[in-house]
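Next up, final.txt (compact mmCIF, C-alpha atoms):
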# COMPACT_ATOMS: atom_id res chain seq x y z
CA MET G 834 -4.54 21.17 -3.34
CA PRO G 835 -6.07 17.98 -4.78
CA PHE G 836 -8.80 18.06 -2.12
CA GLN G 837 -9.74 20.09 0.93
CA SER G 838 -12.36 17.87 2.57
CA LEU G 839 -13.45 14.26 2.78
CA ALA G 840 -16.28 15.20 0.43
CA ASP G 841 -13.64 16.10 -2.16
CA VAL G 842 -11.98 12.71 -1.65
CA ARG G 843 -15.32 10.97 -2.15
CA ALA G 844 -15.81 12.92 -5.39
CA MET G 845 -12.38 11.84 -6.61
CA LEU G 846 -13.17 8.21 -5.77
CA ALA G 847 -16.33 8.50 -7.87
CA ALA G 848 -14.34 9.54 -10.97
CA LEU G 849 -11.38 7.15 -11.11
CA PRO G 850 -9.60 6.63 -14.43
CA ALA G 851 -9.78 3.20 -16.03
CA PRO G 852 -6.99 1.26 -17.74
CA ASP G 853 -6.45 1.78 -21.47
CA ALA G 854 -8.44 -0.96 -23.19
CA ALA G 855 -6.65 -0.47 -26.51
CA ALA G 856 -3.26 -0.78 -24.81
CA ILE G 857 -4.37 -3.97 -23.07
CA ALA G 858 -5.47 -5.45 -26.40
CA ALA G 859 -2.18 -4.45 -28.02
CA ALA G 860 -0.16 -5.90 -25.13
CA GLU G 861 -2.14 -9.13 -25.32
CA ALA G 862 -1.51 -9.32 -29.06
CA ARG G 863 2.20 -8.74 -28.55
CA ASN G 864 2.31 -11.38 -25.82
CA GLY G 865 0.81 -13.87 -28.23
CA GLN G 866 3.60 -13.25 -30.77
CA LEU G 867 6.63 -13.48 -28.46
CA THR G 868 9.20 -16.25 -28.82
CA LYS G 869 7.82 -18.59 -26.17
CA PRO G 870 5.04 -21.15 -25.87
CA PRO G 871 1.67 -19.61 -24.94
CA GLY G 872 1.43 -19.06 -21.20
CA ALA G 873 5.01 -20.22 -20.58
CA LEU G 874 5.79 -17.20 -18.37
CA GLY G 875 2.74 -17.71 -16.19
CA ARG G 876 1.75 -14.73 -14.04
CA LEU G 877 4.55 -12.65 -15.54
CA GLU G 878 2.53 -12.39 -18.74
CA LYS G 879 -0.55 -11.11 -16.92
CA LEU G 880 1.58 -8.67 -14.93
CA ALA G 881 3.11 -7.19 -18.07
CA ILE G 882 -0.28 -6.79 -19.76
CA TRP G 883 -1.70 -5.20 -16.59
CA MET G 884 1.24 -2.77 -16.54
CA GLY G 885 0.64 -1.93 -20.19
CA GLY G 886 -3.01 -1.18 -19.55
CA TRP G 887 -2.21 1.42 -16.90
CA GLN G 888 0.74 2.91 -18.77
CA GLY G 889 -1.19 3.05 -22.04
CA THR G 890 1.31 1.07 -24.11
CA ASP G 891 1.93 -2.43 -25.45
CA LYS G 892 5.55 -2.15 -24.19
CA PRO G 893 5.37 -1.18 -20.51
CA THR G 894 8.40 -0.20 -18.44
CA ALA G 895 9.49 -0.45 -14.78
CA ASP G 896 12.67 1.58 -15.06
CA LYS G 897 11.62 4.35 -12.67
CA PRO G 898 10.08 2.73 -9.61
CA GLN G 899 9.37 4.94 -6.61
CA ILE G 900 9.12 3.94 -2.96
CA ALA G 901 7.60 6.44 -0.55
CA ILE G 902 7.73 5.75 3.18
CA PHE G 903 5.33 7.59 5.47
CA ALA G 904 5.97 7.80 9.20
CA GLY G 905 3.52 8.71 11.94
CA ASN G 906 2.96 8.26 15.66
CA HIS G 907 -0.13 6.90 17.37
CA GLY G 908 -1.77 7.93 20.61
CA VAL G 909 -3.03 4.41 21.16
CA THR G 910 0.51 3.33 22.08
CA ALA G 911 -0.33 4.66 25.55
CA LYS G 912 -2.38 1.49 25.96
CA GLY G 913 0.75 -0.71 25.79
CA VAL G 914 0.02 -2.20 22.36
CA SER G 915 3.59 -2.29 21.04
CA ALA G 916 6.82 -4.00 22.05
CA PHE G 917 8.72 -0.78 21.20
CA PRO G 918 8.38 2.80 22.48
CA ALA G 919 7.04 5.54 20.20
CA GLU G 920 10.50 7.13 20.04
CA VAL G 921 11.57 4.35 17.68
CA THR G 922 9.53 5.92 14.86
CA ALA G 923 11.74 9.02 14.72
CA GLN G 924 14.87 6.94 15.24
CA MET G 925 13.99 4.76 12.23
CA VAL G 926 13.24 7.82 10.11
CA ALA G 927 16.79 8.97 10.89
CA ASN G 928 18.03 5.51 9.91
CA PHE G 929 16.24 5.78 6.57
CA ALA G 930 17.86 9.17 6.01
CA HIS G 931 21.30 7.68 6.67
CA GLY G 932 20.69 4.74 4.33
CA GLY G 933 20.93 2.16 7.08
CA ALA G 934 17.59 0.35 6.89
CA ALA G 935 16.55 -2.71 4.92
CA ILE G 936 14.41 -0.60 2.60
CA ASN G 937 17.44 1.48 1.62
CA GLN G 938 19.24 -1.64 0.45
CA LEU G 939 16.22 -2.94 -1.46
CA ALA G 940 15.58 0.40 -3.14
CA ARG G 941 19.20 0.48 -4.25
CA THR G 942 19.03 -3.10 -5.50
CA PHE G 943 16.09 -2.43 -7.80
CA GLY G 944 17.00 1.11 -8.80
CA ALA G 945 14.09 2.70 -6.99
CA ARG G 946 13.79 6.30 -5.91
CA LEU G 947 13.23 6.38 -2.13
CA ASP G 948 11.43 9.24 -0.42
CA VAL G 949 10.69 9.48 3.31
CA HIS G 950 7.88 11.63 4.71
CA ALA G 951 7.75 12.17 8.47
CA LEU G 952 4.26 13.33 9.44
CA GLU G 953 4.21 15.40 12.62
CA LEU G 954 6.07 12.84 14.71
CA ASP G 955 6.07 15.20 17.68
CA ARG G 956 2.26 15.25 17.62
CA PRO G 957 0.80 11.74 17.73
CA THR G 958 -2.77 11.10 16.70
CA ALA G 959 -5.31 10.99 19.51
CA ASP G 960 -5.88 7.69 21.30
CA PHE G 961 -8.73 6.19 19.27
CA THR G 962 -10.04 4.26 22.29
CA GLU G 963 -11.15 7.65 23.65
CA GLY G 964 -12.48 9.23 20.44
CA PRO G 965 -11.50 9.87 16.80
CA ALA G 966 -7.79 9.62 16.10
CA MET G 967 -7.87 12.63 13.78
CA THR G 968 -10.01 15.61 12.94
CA GLU G 969 -11.22 15.94 9.37
CA ALA G 970 -8.58 18.58 8.70
CA GLU G 971 -5.84 16.27 10.00
CA VAL G 972 -6.86 13.24 7.97
CA VAL G 973 -7.33 15.35 4.82
CA GLU G 974 -3.87 16.85 5.28
CA ALA G 975 -2.35 13.35 5.59
CA LEU G 976 -4.26 12.14 2.54
CA ARG G 977 -3.00 15.17 0.63
CA ARG G 978 0.60 14.56 1.68
CA GLY G 979 0.37 11.06 0.29
CA HIS G 980 -1.41 12.11 -2.88
CA GLU G 981 1.28 14.67 -3.67
CA ALA G 982 4.13 12.28 -2.89
CA VAL G 983 3.72 10.29 -6.11
CA SER G 984 6.37 11.37 -8.60
CA PRO G 985 5.08 12.30 -12.08
CA ASP G 986 8.04 10.37 -13.49
CA ALA G 987 7.33 7.10 -11.69
CA ASP G 988 6.28 4.09 -13.73
CA LEU G 989 5.70 1.91 -10.64
CA PHE G 990 4.90 2.91 -7.05
CA VAL G 991 5.27 1.40 -3.58
CA ALA G 992 3.91 2.95 -0.37
CA GLY G 993 5.65 1.91 2.85
CA GLU G 994 5.25 2.93 6.47
CA MET G 995 6.91 3.35 9.83
CA GLY G 996 4.87 3.97 12.94
CA ILE G 997 4.99 2.32 16.34
CA GLY G 998 1.45 1.18 17.12
CA ASN G 999 0.25 1.05 13.54
CA THR G 1000 -0.56 -2.66 13.44
CA THR G 1001 -3.15 -1.90 16.12
CA SER G 1002 -4.56 0.88 13.98
CA ALA G 1003 -4.59 -1.36 10.90
CA ALA G 1004 -6.33 -4.13 12.85
CA ALA G 1005 -8.99 -1.69 14.01
CA ILE G 1006 -9.54 -0.50 10.44
CA ALA G 1007 -9.86 -4.06 9.13
CA THR G 1008 -12.28 -4.96 11.92
CA ALA G 1009 -14.42 -1.91 11.21
CA LEU G 1010 -14.46 -2.53 7.45
CA TYR G 1011 -15.01 -6.30 7.44
CA GLY G 1012 -16.22 -7.30 10.89
CA GLY G 1013 -15.32 -10.44 12.76
CA PHE G 1014 -12.49 -11.07 15.17
CA GLY G 1015 -8.82 -11.99 15.05
CA TRP G 1016 -7.53 -9.05 13.03
CA ALA G 1017 -5.05 -8.06 15.74
CA GLY G 1018 -1.69 -9.86 15.60
CA ARG G 1019 1.67 -9.71 17.30
CA GLY G 1020 3.03 -6.89 15.11
CA THR G 1021 6.51 -6.00 16.34
CA GLY G 1022 6.49 -9.07 18.58
CA VAL G 1023 4.24 -8.39 21.58
CA ASP G 1024 3.76 -11.15 24.13
CA ASP G 1025 0.41 -12.72 25.02
CA ALA G 1026 -0.46 -9.90 27.42
CA GLY G 1027 0.43 -7.33 24.76
CA LEU G 1028 -1.77 -9.10 22.23
CA ARG G 1029 -4.68 -8.99 24.66
CA ARG G 1030 -4.10 -5.25 25.11
CA LYS G 1031 -4.18 -4.79 21.33
CA GLU G 1032 -7.40 -6.75 21.02
CA ALA G 1033 -8.96 -4.70 23.82
CA ALA G 1034 -7.83 -1.44 22.19
CA VAL G 1035 -9.34 -2.45 18.85
CA ALA G 1036 -12.67 -3.34 20.47
CA ALA G 1037 -12.70 -0.14 22.52
CA GLY G 1038 -11.89 2.02 19.52
CA ILE G 1039 -14.69 0.61 17.43
CA GLU G 1040 -17.16 0.90 20.30
CA LYS G 1041 -16.18 4.49 21.04
CA ASN G 1042 -16.49 5.53 17.37
CA ALA G 1043 -19.39 3.22 16.51
CA ALA G 1044 -21.62 5.95 15.08
CA LEU G 1045 -19.14 6.65 12.26
CA MET G 1046 -18.08 3.12 11.33
CA GLY G 1047 -20.41 2.86 8.31
CA ASP G 1048 -18.28 5.26 6.23
CA PRO G 1049 -14.84 3.94 5.17
CA LEU G 1050 -13.26 7.40 5.13
CA GLU G 1051 -14.57 8.05 8.63
CA VAL G 1052 -13.11 4.69 9.67
CA LEU G 1053 -9.76 5.99 8.43
CA ARG G 1054 -10.20 9.26 10.32
CA CYS G 1055 -11.32 7.68 13.57
CA LEU G 1056 -9.03 4.64 13.72
CA GLY G 1057 -6.13 5.40 11.38
CA GLY G 1058 -2.82 7.16 11.69
CA ARG G 1059 -1.30 9.92 9.61
CA GLU G 1060 0.99 7.47 7.81
CA ILE G 1061 -1.91 5.12 7.05
CA ALA G 1062 -3.96 7.99 5.66
CA ALA G 1063 -0.96 9.15 3.64
CA MET G 1064 -0.57 5.69 2.13
CA ALA G 1065 -4.24 5.73 1.15
CA GLY G 1066 -3.73 9.17 -0.39
CA ALA G 1067 -0.67 7.98 -2.28
CA ILE G 1068 -2.46 4.93 -3.67
CA LEU G 1069 -5.29 7.22 -4.77
CA GLY G 1070 -2.80 9.69 -6.24
CA ALA G 1071 -1.13 6.91 -8.20
CA ARG G 1072 -4.51 5.87 -9.59
CA MET G 1073 -5.26 9.40 -10.76
CA ALA G 1074 -1.83 9.51 -12.45
CA ARG G 1075 -2.34 5.98 -13.88
CA VAL G 1076 0.77 4.68 -12.10
CA PRO G 1077 0.65 0.96 -11.20
CA VAL G 1078 1.08 0.19 -7.49
CA ILE G 1079 2.60 -2.73 -5.58
CA LEU G 1080 0.93 -3.13 -2.19
CA ASP G 1081 3.04 -4.01 0.83
CA GLY G 1082 1.93 -5.78 4.01
CA PHE G 1083 -0.95 -5.72 6.45
CA ILE G 1084 -0.77 -2.01 7.29
CA ALA G 1085 -0.50 -0.87 3.67
CA CYS G 1086 -3.34 -3.18 2.69
CA ALA G 1087 -5.50 -1.79 5.50
CA ALA G 1088 -4.93 1.68 4.04
CA ALA G 1089 -5.79 0.37 0.58
CA ALA G 1090 -8.89 -1.40 1.90
CA VAL G 1091 -10.39 1.95 2.89
CA LEU G 1092 -10.32 3.00 -0.76
CA GLU G 1093 -11.71 -0.30 -2.02
CA LYS G 1094 -14.57 -0.20 0.48
CA ALA G 1095 -15.34 3.40 -0.45
CA ALA G 1096 -15.21 2.71 -4.21
CA PRO G 1097 -15.15 -0.93 -5.38
CA GLY G 1098 -12.50 -1.24 -8.09
CA ALA G 1099 -10.35 1.53 -6.59
CA LEU G 1100 -7.46 -0.96 -6.35
CA ASP G 1101 -7.56 -2.22 -9.93
CA HIS G 1102 -4.21 -0.50 -10.48
CA CYS G 1103 -2.68 -2.42 -7.56
CA VAL G 1104 -1.06 -5.82 -7.21
CA ALA G 1105 -0.14 -7.45 -3.89
CA GLY G 1106 3.62 -7.63 -3.52
CA HIS G 1107 3.72 -10.28 -0.84
CA GLN G 1108 1.92 -12.07 1.96
CA SER G 1109 3.49 -11.13 5.25
CA ALA G 1110 3.86 -13.15 8.43
CA GLU G 1111 1.37 -10.88 10.22
CA GLY G 1112 -1.44 -13.31 10.91
CA ALA G 1113 -4.36 -11.42 9.38
CA HIS G 1114 -2.62 -10.28 6.20
CA ALA G 1115 -3.62 -13.36 4.20
CA ARG G 1116 -7.22 -12.82 5.29
CA LEU G 1117 -7.08 -9.17 4.26
CA LEU G 1118 -5.60 -10.04 0.87
CA GLU G 1119 -8.48 -12.45 0.35
CA LYS G 1120 -10.96 -9.68 1.16
CA LEU G 1121 -9.22 -7.46 -1.40
CA GLY G 1122 -9.12 -10.23 -4.02
CA LYS G 1123 -5.34 -9.94 -4.37
CA GLU G 1124 -3.02 -12.91 -4.88
CA PRO G 1125 0.46 -12.09 -3.55
CA LEU G 1126 3.49 -12.31 -5.80
CA LEU G 1127 5.77 -13.45 -2.96
CA ASN G 1128 5.43 -15.25 0.37
CA LEU G 1129 8.71 -15.04 2.27
CA GLY G 1130 7.60 -14.73 5.88
CA LEU G 1131 8.43 -11.02 6.06
CA ARG G 1132 7.02 -8.78 8.79
CA LEU G 1133 9.29 -5.74 8.67
CA GLY G 1134 7.11 -3.09 7.06
CA GLU G 1135 8.91 -0.15 5.45
CA GLY G 1136 7.50 -1.26 2.08
CA SER G 1137 10.11 -4.05 2.08
CA GLY G 1138 7.98 -6.89 0.71
CA ALA G 1139 6.58 -4.71 -2.05
CA ALA G 1140 10.10 -3.46 -2.82
CA LEU G 1141 11.25 -7.03 -3.37
CA ALA G 1142 8.32 -7.56 -5.71
CA ILE G 1143 9.56 -4.65 -7.85
CA GLY G 1144 12.08 -7.17 -9.20
CA VAL G 1145 9.29 -9.54 -10.23
CA VAL G 1146 7.45 -6.78 -12.09
CA GLN G 1147 10.69 -5.62 -13.71
CA GLY G 1148 11.30 -9.17 -14.90
CA ALA G 1149 7.79 -9.35 -16.31
CA VAL G 1150 8.02 -6.15 -18.33
CA ALA G 1151 11.61 -6.86 -19.42
CA CYS G 1152 10.53 -10.13 -20.98
CA HIS G 1153 7.37 -8.69 -22.48
CA SER G 1154 8.85 -5.48 -23.88
CA GLY G 1155 12.32 -6.77 -24.73
CA MET G 1156 11.68 -10.19 -26.23
CA LEU G 1157 11.44 -10.52 -29.99
CA THR G 1158 8.37 -11.78 -31.74
CA PHE G 1159 8.59 -14.95 -33.80
CA ALA G 1160 8.64 -12.83 -36.97
CA GLU G 1161 11.37 -10.52 -35.67
CA ALA G 1162 13.54 -13.43 -34.54
CA GLY G 1163 13.01 -15.52 -37.65
CA VAL G 1164 11.70 -18.38 -35.50
CA ALA G 1165 8.92 -20.61 -36.79
CA ALA G 1166 5.79 -20.16 -34.70
CA GLY G 1167 3.89 -23.16 -33.39
CA ALA G 1168 0.88 -24.41 -35.25

Any chance you could give the structure as structure tokens?
Amino acid sequence: MPFQSLADVRAMLAALPAPDAAAIAAAEARNGQLTKPPGALGRLEKLAIWMGGWQGTDKPTADKPQIAIFAGNHGVTAKGVSAFPAEVTAQMVANFAHGGAAINQLARTFGARLDVHALELDRPTADFTEGPAMTEAEVVEALRRGHEAVSPDADLFVAGEMGIGNTTSAAAIATALYGGFGWAGRGTGVDDAGLRRKEAAVAAGIEKNAALMGDPLEVLRCLGGREIAAMAGAILGARMARVPVILDGFIACAAAAVLEKAAPGALDHCVAGHQSAEGAHARLLEKLGKEPLLNLGLRLGEGSGAALAIGVVQGAVACHSGMLTFAEAGVAAGA
């Protein structure tokens, strides 16, 4: 097991690998010799160099992307915070298995491996308005499931989620980590009364667990869900394996924020795939210092926005690694 306690997770966060400085320098040098004007490919150039730094090469690849979806159920749904019943989580997991969801089509489009991990759907987390959502053993198990989900063959990773009630959990996490108000949004489409119930649940959860809110990993344990913890574990696992990550929407970024709060720089191997239509996502991206690659008004979850951004990263590395240099092409370089 990669870790058996939250103390083990903290120790791992204190010893994170860094990108390969020599590979970054080599990728930058290659970028400067390619048959294009300097900077002509904009952010694609920075993306390719960033990929090279984590993969340890001046010619990065994105031929083996992996998408892992984690599904979990939340006790806080008893407070009427979602427009859909908790049964939908298991029904959507079945849809993923049958290839019928949006993420299945996107994974196929970009040649991504798709794995689905259902995390004890018959045993929701505890209602965090009444106490911690998970015990330490439960949150560590979810973190471990995510950590071990990252394929050793992947050259790019996306963590997605499915879990009725998880925008409430993500809003509570963001509130606990950053303070302020307005982190709760409409999620799956709740009405005004539903939004007020979400806001009340977030406030009640933080008040009930107030004594533990100073520790980001305890925030995850007390307010998170199994799928949110698994996404955090997967993002951490990708970092340990030096696999670049594309972050998805508000819920995935809330999971990632736990790591960044616990260890500043923990998300250096991550890029934001998109800005979702969930109201607080833009605010959370700003807190994380991540500029999204896409902004298409998505609010589906499932890793769908990040999956679309796989194509952007693939375009970046294809140009960087496949283009000829001026010398190779016999083209006169600019003065």

Within 10 Å of Asp986 of chain G, counting all atoms listed in the file, which residues qualify if same-chain residues fewer than 5 places away don't, as a count of residues only?
5

Leaving out segment 938-947 of chain G and any residue of its chain fewer than 3 positions from it, which residues lie within 7 Å of it when counting only C-alpha atoms, given as a short mmCIF file (atom, residue, chain, number, x, y, z; two decimals) with C-alpha atoms, keeping the file's coordinate frame?
data_model
loop_
_atom_site.label_atom_id
_atom_site.label_comp_id
_atom_site.auth_asym_id
_atom_site.auth_seq_id
_atom_site.Cartn_x
_atom_site.Cartn_y
_atom_site.Cartn_z
CA LYS G 897 11.62 4.35 -12.67
CA PRO G 898 10.08 2.73 -9.61
CA GLN G 899 9.37 4.94 -6.61
CA ILE G 900 9.12 3.94 -2.96
CA ALA G 901 7.60 6.44 -0.55
CA ALA G 934 17.59 0.35 6.89
CA ALA G 935 16.55 -2.71 4.92
CA ALA G 1140 10.10 -3.46 -2.82
CA LEU G 1141 11.25 -7.03 -3.37
CA ILE G 1143 9.56 -4.65 -7.85
CA GLY G 1144 12.08 -7.17 -9.20
#

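Between atom CA of Ala1160 of chain G and atom CA of Gly865 of chain G the separation is 11.8 Å.
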
So which residues touch Val1078 of chain G within 8 Å, counting all atoms listed in the file, skipping near sequence neighbours fewer than 6 positions away, as a list in words?
Leu989, Phe990, Val991, Ile1068, Ala1071, His1102, Cys1103 and Val1104 of chain G

Given the point (11.5, -15.3, -32.9) in the coordinates of this file, which residues lie within 6 Å, counting only C-alpha atoms, and how would they look as JSON, numbers by chain?
{"G": [868, 1157, 1158, 1159, 1160, 1161, 1162, 1163, 1164]}

Here's a test: counting all atoms listed in the file, identify every protein, DNA and RNA residue with an atom at most 12 Å from (-10.2, 19.0, -0.8) in the file's coordinate frame, and state them as a list in words.
Met834, Pro835, Phe836, Gln837, Ser838, Leu839, Ala840, Asp841, Val842, Arg843, Ala844, Met845, Glu969, Ala970, Glu971, Val972, Val973, Glu974, Ala975, Leu976, Arg977, Arg978, His980 and Gly1066 of chain G

Spatial neighbours of Val1035 of chain G, max dist 8 Å, all atoms listed in the file, sep filter under 3 positions, as a ChimeraX atom specification
/G:962,1001-1002,1004-1005,1008,1017,1031-1032,1038-1039

Restricting the calculation to all atoms listed in the file: of G:Ala1085, G:Ala1110, G:Ala1105, G:Val1052, which residue gets closest to Gly1022 of chain G?
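So, comparing all the options, the nearest one is G:Ala1110.
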
Report, in Å to a single decimal, how far apart atom CA of Gly998 of chain G and atom CA of Gly1134 of chain G are.
12.3 Å

Mind working out the centre and edge lengths of an axis-aligned box for segment 1049-1052 of chain G, all listed atoms inside, 5 Å added to each side, rounded to one decimal in Å and written as lines of an AutoDock Vina configuration file?
center_x = -14.0
center_y = 6.0
center_z = 7.4
size_x = 11.7
size_y = 14.1
size_z = 14.5

So, with only C-alpha atoms as the atoms that count, which of G:Ile1079, G:Met1073, G:Val921, G:Ala851 lies closest to Gln1147 of chain G?
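Distance minimum relative to Gln1147 of chain G lands on G:Ile1079.
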
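Going from atom CA of Lys892 of chain G to atom CA of Gly872 of chain G covers 17.7 Å.
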